[in-house]
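J.: Before we start, here is the structure in question, set down as structure tokens.
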Amino acid sequence: MTVETVRSLAALVGGNVVGDPGLEIDGVGDIRFAGPRQLGFLRSERLVAMAETSSAGAVLVPSRLELPMTQIVVADPSTAFARIAARFHPRPTATEHAVHPTAVVAADARLEPPVRIGPHVTVGAGARIGAGTILEPGVHIGAQVRIGRDCLLHPRVVVYDGATIGNRVIVHAGTVLGADGFGYARGDDEWIKVPQIGNVVIEDDVELGANVTIDRGTIGTTRVGRGTKIDNLVHLGHNCEIGARCAIAGLSAFSGSTAVGNDVVIGGHTVVAGHLKVAAGVRIGGNSVLLSDVTEPGDYMGYPLQKRMRWGRTLWVLRHLVDMRGLLRHLDRIDRRNEAERTARGMPATERKSE
Amino acid sequence: MTVETVRSLAALVGGNVVGDPGLEIDGVGDIRFAGPRQLGFLRSERLVAMAETSSAGAVLVPSRLELPMTQIVVADPSTAFARIAARFHPRPTATEHAVHPTAVVAADARLEPPVRIGPHVTVGAGARIGAGTILEPGVHIGAQVRIGRDCLLHPRVVVYDGATIGNRVIVHAGTVLGADGFGYARGDDEWIKVPQIGNVVIEDDVELGANVTIDRGTIGTTRVGRGTKIDNLVHLGHNCEIGARCAIAGLSAFSGSTAVGNDVVIGGHTVVAGHLKVAAGVRIGGNSVLLSDVTEPGDYMGYPLQKRMRWGRTLWVLRHLVDMRGLLRHLDRIDRRNEAERTARGMPATERKSE
Amino acid sequence: MTVETVRSLAALVGGNVVGDPGLEIDGVGDIRFAGPRQLGFLRSERLVAMAETSSAGAVLVPSRLELPMTQIVVADPSTAFARIAARFHPRPTATEHAVHPTAVVAADARLEPPVRIGPHVTVGAGARIGAGTILEPGVHIGAQVRIGRDCLLHPRVVVYDGATIGNRVIVHAGTVLGADGFGYARGDDEWIKVPQIGNVVIEDDVELGANVTIDRGTIGTTRVGRGTKIDNLVHLGHNCEIGARCAIAGLSAFSGSTAVGNDVVIGGHTVVAGHLKVAAGVRIGGNSVLLSDVTEPGDYMGYPLQKRMRWGRTLWVLRHLVDMRGLLRHLDRIDRRNEAERTARGMPATERKSE
């Protein structure tokens with residue numbers, strides 16, 4: 001068990017201690033339920049009531065508050081909490097070389113000790129696995145795959161032949177990397193499969209959720225950039241290029257050959273049509289549909305995609321669309337009456353154009 | 001093979017027999033194709049023609065009909081059919097203790113006999129599996145997991161460390177319980193992973209479809225309440241709390257910390273934004289998007305979410321939206337003409353406000 | 001390594017050679033990066049610049065162009081490229097009979113040699129596997145399953161008991177065939193599971209993507225027709241019947257008992273409500289929602305579903321919906337002013353009807 005003083009934790013996050021810097025902390029917790037040797041956090045001063053009755057030994061706060069326990073004051077308690085939580089719960093890595101006897105590892109696969117390979121894992125011909133990496137039970141590594149150091153592949157992950165995974169990558173259970181893209185040419189009376197002979201590259205520090213699917217390139221590469229995080233059940237089609245430090249929430253789907261810049265954030269259940277470009281720094285709200293390039297940074301949302309504020313107003317109008325039609329029908333009746341009266345007065349009426 | 005008399009089946013569902021109560025039945029089937037020792041059903045009297053030419057030995061009906069075969073009259077033939085079908089096709093449970101020699105079970109895991117553990121299963125340290133439970137081939141049970149009695153985990157299900165599963169739970173193939181939630185704090189030039197140290201609790205009588213993902217809590221618990229049924233490819237984010245007896249159809253996604261009450265029904269491809277509350281008894285149609293709490297019971301649908309009837313009318317208007325715009329442009333032309341005429345007559349025109 | 005002359009490749013696709021028919025080709029590639037023994041293609045004359053600086057030995061073109069390398073002129077270079085790529089990268093089949101010692105194959109399963117069965121595969125009682133078929137690591141084949149010849153099941157595919165798979169079927173990793181459909185009857189205080197006792201039939205030449213889920217029929221069959229291609233993370237509910245030569249893109253969902261005709265193309269993230277019929281030859285754009293039958297061939301898209309061109313115009317109007325409401329409010333103000341003036345003049349005003 002890791003034990004740290006409040007003083008050392010405050011130093012880790014650049015915070016100031018109010019209270020006992022020598023207090024020992026052995027874990028983190030929800031401020032409402034944390035115990036006397038645990039540290040919690042308050043995202044904002046307005047939540048101070050949550051801490052007033054807490055038994056937590058210490059709390060991260062955005063400014064000094066009236067509280068019974070030791071405080072660490074930092075500009076961003078959420079980020080500081082993440083850093084401190086990671087101190088108590090570091091990403092596991094292999095520290096002893098261990099290949100389970102039920103694993104089937106090709107004779108010419110190269111394992112850089114120490115790696116930990118769990119039960120029922122398969123490692124294909126010519127694969128290379130870096131030191132510190134853990135392959136949990138049932139992982140399948142295809143032929144010629146390269147995996148870097150200190151990676152963690154959770155149970156039942158499948159990596160097809162030829163894929164490349166960087167260092168410190170985490171892949172959750174059931175995720176499939178490098179399956180064939182959805183590529184067919186239409187023959188007279190059949191779909192002709194276009195052989196999918198490209199590969200997949202997952203760069204350093206990426207994390208992929210559970211049951212994600214990332215297809216290999218048709219020819220060329222499907223790439224997920226350094227430090228990007230992808231949530232459960234997301235689909236990347238062949239030849240997608242996702243930039244660095246993106247965050248993509250669950251059940252989003254990217255058709256083939258989409259190019260997403262760095263630092264893009266995409267809400268869940270969002271769909272990006274094929275061959276589009278999304279500029280660096282763009283933020284897309286959930287449930288959006290992209291049918292054309294997004295070239296300017298900014299916050300967008302909706303279908304059709306609009307600036308986020310504008311989409312909010314569009315939703316408001318949609319909520320009142322039935323009433324809007326009622327009003328329009330009223331105005332139409334007035335118009336017909338008026339035009340009839342004009343005609344009766346011998347004045348010219350205005351013709352209705354069919355749209 | 002189970003054999004029952006019509007008499008005993010009628011007693012099981014509280015029905016009245018018209019015809020031969022001593023007739024032996026050994027299975028259920030589609031009324032159109034069922035044989036003379038099988039029982040079918042008619043959801044409504046209007047479907048009577050489907051049974052007239054049937055060879056079925058017996059049929060569940062909502063009222064006595066003119067039919068050549070034995071009838072069991074019950075208020076709700078669908079529910080009665082489900083009960084009778086379950087008599088012939090009971091949920092399988094382990095009746096003999098059997099651990100396949102290729103399974104890898106931690107020395108300190110506790111298996112309460114009888115359990116059936118299939119090939120290539122892994123059971124982690126300190127896990128506990130209740131009597132009657134079946135783990136099909138390739139299931140992975142993490143450390144300290146607790147699974148109750150008479151559960152059925154289909155092939156390749158992955159249960160991360162520390163999860164708790166109740167009694168009589170069914171989990172279909174490829175489903176992942178307890179993967180890390182999608183939680184990151186933004187650092188200067190990176191996403192900092194928030195360690196996901198909570199757990200997952202699946203209560204009694206839950207059924208989960210195939211390739212579902214339910215993330216563990218960040219801190220605290222992600223919970224699926226007693227008797228809730230979840231369809232394929234659904235995603236529950238960290239710290240979601242789903243009530244009892246809910247039904248959630250396929251490809252729906254719940255962002256983190258959503259709280260859903262008891263007896264909620266949710267159609268497929270529905271998305272619920274984070275930190276929302278959905279009241280008990282609410283029914284949400286498919287393809288809906290929830291961006292705010294739903295506090296009143298009722299039927300809702302759409303994006304934006306509306307009362308279901310209202311959404312139906314909104315869809316109707318959307319179908320005619322192009323025409324609506326054409327009419328509006330016509331009225332605009334009339335208005336410009338009229339205002340110009342007013343101005344020519346020396347009367348005040350009304351200013352257009354920019355929105 | 002396969003080596004072909006330009007002459008033989010041109011013959012394969014019915015093309016005319018401009019340049020050296022005796023040139024040897026040993027692979028295909030992206031025209032921009034292909035080498036002197038590789039063949040690339042140009043989809044259209046407009047892309048000619050991509051080939052001008054290419055080192056490719058030969059190129060498929062839609063008409064004779066000014067290019068430095070050997071050309072094969074064909075009507076449809078994309079389809080020709082698919083055919084030629086398949087020559088160099090044929091679908092793998094088992095050519096030697098090999099059952100990995102870690103596989104667990106039921107004593108009464110019938111394997112028609114040669115089949116290749118990888119590590120940690122399970123094959124259930126009474127299953128039959130045709131010659132040429134490959135089961136990759138960790139595949140699970142249930143009892144009584146029938147699989148035809150020359151199939152390729154990628155790692156961790158799960159086939160439940162009783163399913164039938166035709167010849168030359170490809171199934172990508174993590175896909176689940178034959179899980180129970182989402183069928184429950186509502187009891188007083190519980191959902192009563194309707195036993196799912198039907199089966200799944202996958203016909204010849206189907207390809208299924210990764211992490212797809214296709215449920216078994218409740219009673220009867222869920223069927224995917226010959227030559228149909230399905231992308232990643234698609235869900236087919238119980239008793240769906242998908243015709244021949246369809247193409248269904250990622251994250252689409254079909255509720256139970258949907259009947260789709262032959263040659264239907266469906267874009268990604270599309271949802272089809274239950275018990276609907278979609279006519280042969282229909283093409284549905286992505287992100288669509290089908291709530292009623294589609295009886296006429298044609299191109300459709302949207303929610304509500306419309307003819308594709310019409311939906312494009314609806315999207316255009318939606319993009320301007322906020323402005324449209326602004327204009328409507330202006331016209332409403334004018335109307336109220338005018339009606340007040342009419343009333344002041346002693347003329348009858350027109351009553352507003354509440355919708």
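Each chain of the structure tokens is named A, B, ... in the order shown, its residues numbered from 1; ligands are numbered from 1 in display order.
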Using DSSP assignments from the backbone, pull out every residue in range 65-284 of chain C that falls under strand (DSSP E or B) and give it to me as a CSV table (one decimal) with N, CA, C and O atoms, in the first residue's frame.

T.:
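What landed in selection.csv:
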```csv
chain,number,residue,atom,x,y,z
C,70,THR,N,3.0,1.6,-67.8
C,70,THR,CA,2.1,0.8,-68.6
C,70,THR,C,0.7,1.0,-68.0
C,70,THR,O,0.5,1.1,-66.8
C,71,GLN,N,-0.3,1.0,-68.9
C,71,GLN,CA,-1.7,1.2,-68.5
C,71,GLN,C,-2.6,0.1,-68.9
C,71,GLN,O,-2.4,-0.6,-69.9
C,72,ILE,N,-3.5,-0.3,-68.0
C,72,ILE,CA,-4.6,-1.2,-68.4
C,72,ILE,C,-5.9,-0.4,-68.4
C,72,ILE,O,-6.3,0.1,-67.4
C,73,VAL,N,-6.5,-0.3,-69.6
C,73,VAL,CA,-7.7,0.6,-69.7
C,73,VAL,C,-8.9,-0.3,-69.5
C,73,VAL,O,-9.1,-1.3,-70.3
C,98,ALA,N,-5.4,-29.3,-39.7
C,98,ALA,CA,-4.6,-29.0,-38.5
C,98,ALA,C,-5.6,-28.6,-37.3
C,98,ALA,O,-6.2,-27.6,-37.5
C,99,VAL,N,-5.6,-29.3,-36.3
C,99,VAL,CA,-6.4,-29.0,-35.1
C,99,VAL,C,-5.4,-28.7,-34.0
C,99,VAL,O,-4.6,-29.7,-33.6
C,104,VAL,N,-10.6,-27.5,-28.1
C,104,VAL,CA,-11.4,-28.6,-27.4
C,104,VAL,C,-12.6,-28.9,-28.4
C,104,VAL,O,-13.5,-28.1,-28.5
C,105,VAL,N,-12.5,-30.0,-29.0
C,105,VAL,CA,-13.5,-30.4,-30.1
C,105,VAL,C,-14.3,-31.6,-29.6
C,105,VAL,O,-13.7,-32.6,-29.2
C,110,ARG,N,-18.0,-33.2,-36.5
C,110,ARG,CA,-17.5,-33.8,-37.7
C,110,ARG,C,-16.7,-32.7,-38.5
C,110,ARG,O,-17.3,-31.7,-38.9
C,111,LEU,N,-15.4,-32.9,-38.6
C,111,LEU,CA,-14.6,-31.9,-39.3
C,111,LEU,C,-14.2,-32.6,-40.7
C,111,LEU,O,-13.6,-33.7,-40.7
C,116,ARG,N,-8.6,-25.9,-40.5
C,116,ARG,CA,-7.6,-25.4,-39.6
C,116,ARG,C,-8.3,-24.9,-38.4
C,116,ARG,O,-9.1,-23.9,-38.5
C,117,ILE,N,-8.0,-25.5,-37.2
C,117,ILE,CA,-8.6,-25.0,-36.0
C,117,ILE,C,-7.5,-24.5,-35.1
C,117,ILE,O,-6.6,-25.3,-34.7
C,122,THR,N,-13.3,-23.8,-29.3
C,122,THR,CA,-14.1,-24.9,-28.8
C,122,THR,C,-15.1,-25.2,-29.9
C,122,THR,O,-15.7,-24.3,-30.5
C,123,VAL,N,-15.4,-26.5,-30.1
C,123,VAL,CA,-16.3,-26.9,-31.1
C,123,VAL,C,-17.3,-27.9,-30.4
C,123,VAL,O,-16.8,-28.9,-29.8
C,128,ARG,N,-20.7,-29.5,-37.3
C,128,ARG,CA,-20.0,-29.9,-38.6
C,128,ARG,C,-19.3,-28.8,-39.2
C,128,ARG,O,-19.9,-27.7,-39.4
C,129,ILE,N,-18.1,-29.0,-39.6
C,129,ILE,CA,-17.3,-27.9,-40.2
C,129,ILE,C,-16.8,-28.4,-41.6
C,129,ILE,O,-16.1,-29.4,-41.6
C,134,ILE,N,-11.4,-22.2,-41.8
C,134,ILE,CA,-10.4,-21.8,-40.8
C,134,ILE,C,-11.1,-21.2,-39.6
C,134,ILE,O,-11.9,-20.3,-39.7
C,135,LEU,N,-10.9,-21.8,-38.4
C,135,LEU,CA,-11.3,-21.2,-37.2
C,135,LEU,C,-10.1,-20.6,-36.4
C,135,LEU,O,-9.3,-21.4,-36.0
C,140,HIS,N,-15.6,-19.8,-30.7
C,140,HIS,CA,-16.5,-20.8,-30.0
C,140,HIS,C,-17.6,-21.2,-31.0
C,140,HIS,O,-18.3,-20.4,-31.5
C,141,ILE,N,-17.7,-22.5,-31.2
C,141,ILE,CA,-18.7,-23.1,-32.1
C,141,ILE,C,-19.6,-23.9,-31.2
C,141,ILE,O,-19.2,-24.9,-30.6
C,146,ARG,N,-23.7,-25.8,-38.0
C,146,ARG,CA,-23.2,-26.3,-39.3
C,146,ARG,C,-22.5,-25.1,-40.0
C,146,ARG,O,-23.0,-24.1,-40.2
C,147,ILE,N,-21.2,-25.4,-40.3
C,147,ILE,CA,-20.4,-24.4,-41.1
C,147,ILE,C,-20.0,-25.0,-42.4
C,147,ILE,O,-19.5,-26.1,-42.4
C,152,LEU,N,-14.0,-18.4,-43.1
C,152,LEU,CA,-12.9,-17.8,-42.2
C,152,LEU,C,-13.5,-17.1,-41.1
C,152,LEU,O,-14.2,-16.1,-41.2
C,153,LEU,N,-13.4,-17.7,-39.9
C,153,LEU,CA,-13.9,-17.1,-38.7
C,153,LEU,C,-12.7,-16.5,-37.9
C,153,LEU,O,-11.9,-17.3,-37.4
C,158,VAL,N,-18.1,-15.9,-31.7
C,158,VAL,CA,-19.0,-16.9,-30.9
C,158,VAL,C,-20.2,-17.2,-31.8
C,158,VAL,O,-20.9,-16.3,-32.2
C,159,VAL,N,-20.4,-18.5,-32.0
C,159,VAL,CA,-21.5,-19.0,-32.7
C,159,VAL,C,-22.3,-19.9,-31.7
C,159,VAL,O,-21.8,-20.9,-31.3
C,164,THR,N,-26.5,-22.0,-38.5
C,164,THR,CA,-26.0,-22.5,-39.8
C,164,THR,C,-25.3,-21.4,-40.5
C,164,THR,O,-25.8,-20.3,-40.7
C,165,ILE,N,-24.1,-21.8,-41.0
C,165,ILE,CA,-23.3,-20.8,-41.8
C,165,ILE,C,-22.9,-21.5,-43.1
C,165,ILE,O,-22.5,-22.7,-43.1
C,170,ILE,N,-17.1,-15.0,-44.3
C,170,ILE,CA,-16.1,-14.4,-43.4
C,170,ILE,C,-16.7,-13.7,-42.2
C,170,ILE,O,-17.7,-12.9,-42.4
C,171,VAL,N,-16.2,-14.0,-41.1
C,171,VAL,CA,-16.8,-13.4,-39.9
C,171,VAL,C,-15.6,-12.7,-39.1
C,171,VAL,O,-14.7,-13.5,-38.7
C,176,VAL,N,-20.9,-12.0,-32.6
C,176,VAL,CA,-21.7,-13.0,-31.9
C,176,VAL,C,-22.9,-13.4,-32.7
C,176,VAL,O,-23.8,-12.5,-33.0
C,177,LEU,N,-23.0,-14.6,-33.0
C,177,LEU,CA,-24.2,-15.1,-33.9
C,177,LEU,C,-25.1,-16.0,-33.0
C,177,LEU,O,-24.6,-17.0,-32.5
C,178,GLY,N,-26.3,-15.6,-32.9
C,178,GLY,CA,-27.3,-16.5,-32.3
C,178,GLY,C,-27.6,-16.3,-30.8
C,178,GLY,O,-28.2,-17.2,-30.2
C,179,ALA,N,-27.2,-15.2,-30.3
C,179,ALA,CA,-27.5,-14.9,-28.9
C,179,ALA,C,-29.1,-14.7,-28.8
C,179,ALA,O,-29.7,-14.5,-29.8
C,184,TYR,N,-39.4,-10.4,-24.1
C,184,TYR,CA,-39.9,-10.6,-22.8
C,184,TYR,C,-41.4,-10.3,-22.8
C,184,TYR,O,-41.8,-9.4,-23.5
C,185,ALA,N,-42.1,-11.0,-22.0
C,185,ALA,CA,-43.5,-10.6,-21.8
C,185,ALA,C,-43.6,-9.9,-20.4
C,185,ALA,O,-42.8,-10.3,-19.5
C,186,ARG,N,-44.5,-9.0,-20.2
C,186,ARG,CA,-44.6,-8.3,-19.0
C,186,ARG,C,-45.5,-9.0,-18.0
C,186,ARG,O,-46.7,-9.2,-18.3
C,191,TRP,N,-40.3,-8.9,-15.8
C,191,TRP,CA,-40.2,-9.3,-17.2
C,191,TRP,C,-40.1,-10.8,-17.3
C,191,TRP,O,-39.1,-11.4,-16.7
C,192,ILE,N,-40.9,-11.5,-18.0
C,192,ILE,CA,-40.8,-12.9,-18.2
C,192,ILE,C,-40.1,-13.2,-19.5
C,192,ILE,O,-40.6,-12.8,-20.6
C,193,LYS,N,-39.0,-13.9,-19.4
C,193,LYS,CA,-38.2,-14.1,-20.6
C,193,LYS,C,-39.0,-15.1,-21.5
C,193,LYS,O,-39.5,-16.1,-21.1
C,199,ASN,N,-33.3,-20.1,-34.6
C,199,ASN,CA,-31.9,-20.2,-35.0
C,199,ASN,C,-31.5,-19.1,-35.9
C,199,ASN,O,-32.2,-18.1,-36.2
C,200,VAL,N,-30.2,-19.1,-36.3
C,200,VAL,CA,-29.6,-18.1,-37.2
C,200,VAL,C,-29.1,-18.9,-38.5
C,200,VAL,O,-28.5,-19.9,-38.3
C,201,VAL,N,-29.4,-18.3,-39.6
C,201,VAL,CA,-28.8,-18.8,-40.9
C,201,VAL,C,-28.0,-17.7,-41.6
C,201,VAL,O,-28.6,-16.7,-41.9
C,202,ILE,N,-26.8,-18.0,-41.8
C,202,ILE,CA,-25.9,-17.0,-42.6
C,202,ILE,C,-25.6,-17.7,-43.9
C,202,ILE,O,-25.0,-18.8,-43.9
C,207,GLU,N,-20.2,-11.6,-45.6
C,207,GLU,CA,-19.1,-11.1,-44.7
C,207,GLU,C,-19.7,-10.3,-43.6
C,207,GLU,O,-20.5,-9.4,-43.9
C,208,LEU,N,-19.3,-10.6,-42.4
C,208,LEU,CA,-19.7,-9.9,-41.2
C,208,LEU,C,-18.5,-9.2,-40.5
C,208,LEU,O,-17.5,-9.8,-40.3
C,213,THR,N,-23.6,-8.2,-33.8
C,213,THR,CA,-24.5,-9.1,-33.0
C,213,THR,C,-25.7,-9.5,-33.9
C,213,THR,O,-26.4,-8.6,-34.3
C,214,ILE,N,-25.9,-10.8,-34.1
C,214,ILE,CA,-27.1,-11.2,-34.8
C,214,ILE,C,-27.8,-12.2,-34.0
C,214,ILE,O,-27.3,-13.3,-33.7
C,215,ASP,N,-29.0,-11.9,-33.5
C,215,ASP,CA,-29.7,-12.7,-32.6
C,215,ASP,C,-30.4,-13.9,-33.3
C,215,ASP,O,-30.8,-13.7,-34.4
C,221,THR,N,-36.4,-18.3,-37.8
C,221,THR,CA,-35.0,-18.1,-38.2
C,221,THR,C,-34.7,-16.6,-38.4
C,221,THR,O,-35.5,-15.8,-38.9
C,222,THR,N,-33.5,-16.2,-38.0
C,222,THR,CA,-32.9,-14.9,-38.4
C,222,THR,C,-32.0,-15.2,-39.5
C,222,THR,O,-31.1,-16.1,-39.4
C,223,ARG,N,-32.1,-14.5,-40.6
C,223,ARG,CA,-31.4,-15.0,-41.9
C,223,ARG,C,-30.7,-13.8,-42.5
C,223,ARG,O,-31.2,-12.7,-42.6
C,224,VAL,N,-29.4,-14.0,-42.9
C,224,VAL,CA,-28.7,-13.1,-43.7
C,224,VAL,C,-28.4,-13.7,-45.1
C,224,VAL,O,-27.8,-14.8,-45.2
C,229,LYS,N,-23.1,-8.1,-47.1
C,229,LYS,CA,-22.0,-7.6,-46.4
C,229,LYS,C,-22.4,-6.7,-45.3
C,229,LYS,O,-23.2,-5.8,-45.5
C,230,ILE,N,-22.0,-7.0,-44.1
C,230,ILE,CA,-22.4,-6.2,-42.9
C,230,ILE,C,-21.2,-5.7,-42.2
C,230,ILE,O,-20.2,-6.4,-41.9
C,235,HIS,N,-26.3,-4.5,-35.4
C,235,HIS,CA,-27.2,-5.4,-34.6
C,235,HIS,C,-28.4,-5.8,-35.4
C,235,HIS,O,-29.1,-5.0,-36.0
C,236,LEU,N,-28.6,-7.1,-35.5
C,236,LEU,CA,-29.8,-7.6,-36.1
C,236,LEU,C,-30.6,-8.3,-35.0
C,236,LEU,O,-30.2,-9.3,-34.4
C,241,GLU,N,-34.9,-10.8,-41.5
C,241,GLU,CA,-34.6,-11.5,-42.7
C,241,GLU,C,-34.0,-10.5,-43.7
C,241,GLU,O,-34.7,-9.6,-44.2
C,242,ILE,N,-32.7,-10.6,-43.9
C,242,ILE,CA,-32.0,-9.7,-44.7
C,242,ILE,C,-31.7,-10.4,-46.1
C,242,ILE,O,-31.3,-11.6,-46.1
C,247,ALA,N,-25.8,-4.4,-48.5
C,247,ALA,CA,-24.6,-3.8,-47.8
C,247,ALA,C,-25.1,-2.9,-46.7
C,247,ALA,O,-25.9,-2.0,-46.9
C,248,ILE,N,-24.7,-3.2,-45.5
C,248,ILE,CA,-25.2,-2.5,-44.3
C,248,ILE,C,-24.0,-2.0,-43.5
C,248,ILE,O,-23.2,-2.7,-43.0
C,253,ALA,N,-28.9,-0.7,-36.7
C,253,ALA,CA,-29.6,-1.6,-35.8
C,253,ALA,C,-31.0,-1.9,-36.4
C,253,ALA,O,-31.7,-1.0,-36.9
C,254,PHE,N,-31.3,-3.2,-36.5
C,254,PHE,CA,-32.5,-3.7,-37.0
C,254,PHE,C,-33.3,-4.3,-35.8
C,254,PHE,O,-32.9,-5.4,-35.3
C,259,ALA,N,-37.9,-7.3,-42.4
C,259,ALA,CA,-37.7,-8.0,-43.7
C,259,ALA,C,-37.1,-7.0,-44.7
C,259,ALA,O,-37.7,-6.1,-45.1
C,260,VAL,N,-35.8,-7.3,-45.1
C,260,VAL,CA,-35.1,-6.4,-46.1
C,260,VAL,C,-35.0,-7.2,-47.4
C,260,VAL,O,-34.5,-8.4,-47.3
C,265,VAL,N,-29.0,-1.2,-49.9
C,265,VAL,CA,-27.8,-0.6,-49.3
C,265,VAL,C,-28.2,0.3,-48.2
C,265,VAL,O,-29.1,1.1,-48.4
C,266,ILE,N,-27.6,0.2,-47.0
C,266,ILE,CA,-28.0,1.0,-45.9
C,266,ILE,C,-26.8,1.6,-45.3
C,266,ILE,O,-25.8,1.0,-44.9
C,271,VAL,N,-31.3,3.1,-38.2
C,271,VAL,CA,-32.2,2.3,-37.3
C,271,VAL,C,-33.4,1.9,-38.1
C,271,VAL,O,-34.1,2.7,-38.7
C,272,VAL,N,-33.8,0.6,-38.0
C,272,VAL,CA,-35.0,0.2,-38.6
C,272,VAL,C,-35.9,-0.4,-37.5
C,272,VAL,O,-35.5,-1.3,-36.8
C,277,LYS,N,-40.9,-3.8,-43.6
C,277,LYS,CA,-40.5,-4.3,-44.8
C,277,LYS,C,-39.7,-3.2,-45.6
C,277,LYS,O,-40.2,-2.1,-45.8
C,278,VAL,N,-38.6,-3.6,-46.2
C,278,VAL,CA,-37.8,-2.7,-47.0
C,278,VAL,C,-37.7,-3.4,-48.4
C,278,VAL,O,-37.1,-4.5,-48.5
C,283,ARG,N,-32.1,2.1,-51.4
C,283,ARG,CA,-30.8,2.6,-50.9
C,283,ARG,C,-31.1,3.7,-49.8
C,283,ARG,O,-31.8,4.6,-50.1
C,284,ILE,N,-30.6,3.4,-48.6
C,284,ILE,CA,-30.9,4.3,-47.5
C,284,ILE,C,-29.6,5.0,-47.1
C,284,ILE,O,-28.6,4.3,-46.8
```

J.: So which residues touch range 286-295 of chain C within 6 Å, counting only C-alpha atoms, skipping near sequence neighbours fewer than 2 positions away, as a short mmCIF file (atom, residue, chain, number, x, y, z; two decimals) with N, CA, C and O atoms, in the first residue's frame?

T.:
```cif
data_model
loop_
_atom_site.label_atom_id
_atom_site.label_comp_id
_atom_site.auth_asym_id
_atom_site.auth_seq_id
_atom_site.Cartn_x
_atom_site.Cartn_y
_atom_site.Cartn_z
N GLY C 267 -26.80 2.97 -45.15
CA GLY C 267 -25.69 3.72 -44.57
C GLY C 267 -25.59 3.52 -43.06
O GLY C 267 -26.53 3.04 -42.42
N GLY C 268 -24.50 3.94 -42.50
CA GLY C 268 -24.20 3.68 -41.10
C GLY C 268 -25.13 4.37 -40.12
O GLY C 268 -25.80 5.35 -40.46
N HIS C 269 -25.19 3.85 -38.90
CA HIS C 269 -25.94 4.46 -37.80
C HIS C 269 -27.41 4.63 -38.18
O HIS C 269 -28.06 5.59 -37.77
N THR C 270 -27.91 3.71 -38.98
CA THR C 270 -29.32 3.73 -39.37
C THR C 270 -30.10 2.75 -38.49
O THR C 270 -29.58 1.71 -38.10
N VAL C 271 -31.34 3.10 -38.20
CA VAL C 271 -32.17 2.27 -37.33
C VAL C 271 -33.44 1.90 -38.05
O VAL C 271 -34.08 2.75 -38.67
N VAL C 272 -33.78 0.65 -37.97
CA VAL C 272 -35.02 0.17 -38.58
C VAL C 272 -35.90 -0.41 -37.48
O VAL C 272 -35.50 -1.35 -36.79
N ALA C 273 -37.07 0.19 -37.32
CA ALA C 273 -38.00 -0.28 -36.29
C ALA C 273 -38.48 -1.69 -36.63
O ALA C 273 -38.29 -2.19 -37.73
N LEU C 276 -40.88 -4.19 -39.95
CA LEU C 276 -40.99 -3.41 -41.20
C LEU C 276 -40.52 -4.23 -42.38
O LEU C 276 -39.80 -5.21 -42.25
N LYS C 277 -40.92 -3.75 -43.57
CA LYS C 277 -40.46 -4.33 -44.83
C LYS C 277 -39.73 -3.25 -45.62
O LYS C 277 -40.23 -2.12 -45.76
N VAL C 278 -38.57 -3.59 -46.16
CA VAL C 278 -37.82 -2.68 -47.03
C VAL C 278 -37.69 -3.39 -48.37
O VAL C 278 -37.14 -4.50 -48.45
N ALA C 279 -38.18 -2.73 -49.43
CA ALA C 279 -38.25 -3.37 -50.75
C ALA C 279 -36.86 -3.58 -51.34
O ALA C 279 -35.91 -2.87 -51.02
N MET C 301 -33.35 8.91 -47.20
CA MET C 301 -32.45 9.31 -46.12
C MET C 301 -33.25 10.11 -45.10
O MET C 301 -34.27 10.71 -45.43
N GLY C 302 -32.76 10.14 -43.87
CA GLY C 302 -33.25 11.09 -42.88
C GLY C 302 -34.18 10.54 -41.83
O GLY C 302 -34.52 9.36 -41.81
N TYR C 303 -34.57 11.45 -40.95
CA TYR C 303 -35.52 11.16 -39.90
C TYR C 303 -36.39 12.38 -39.75
O TYR C 303 -35.95 13.37 -39.18
#
```

J.: Would you list the contacts of Val212 in chain A as a CSV table (one decimal) with C-alpha atoms, in the first residue's frame, taking every protein, DNA or RNA residue within 8 Å and counting only C-alpha atoms, but skipping same-chain residues closer than 6 positions in sequence?

T.:
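Listed below is the output, around-v3.csv:
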```csv
chain,number,residue,atom,x,y,z
A,174,GLY,CA,-13.2,-7.1,-26.5
A,175,THR,CA,-11.7,-4.4,-28.7
A,176,VAL,CA,-10.7,-5.4,-32.2
A,231,ASP,CA,-14.6,5.4,-25.4
A,232,ASN,CA,-16.5,2.1,-25.7
A,233,LEU,CA,-18.2,0.8,-28.9
A,234,VAL,CA,-16.6,3.4,-31.1
A,235,HIS,CA,-15.9,2.4,-34.8
```
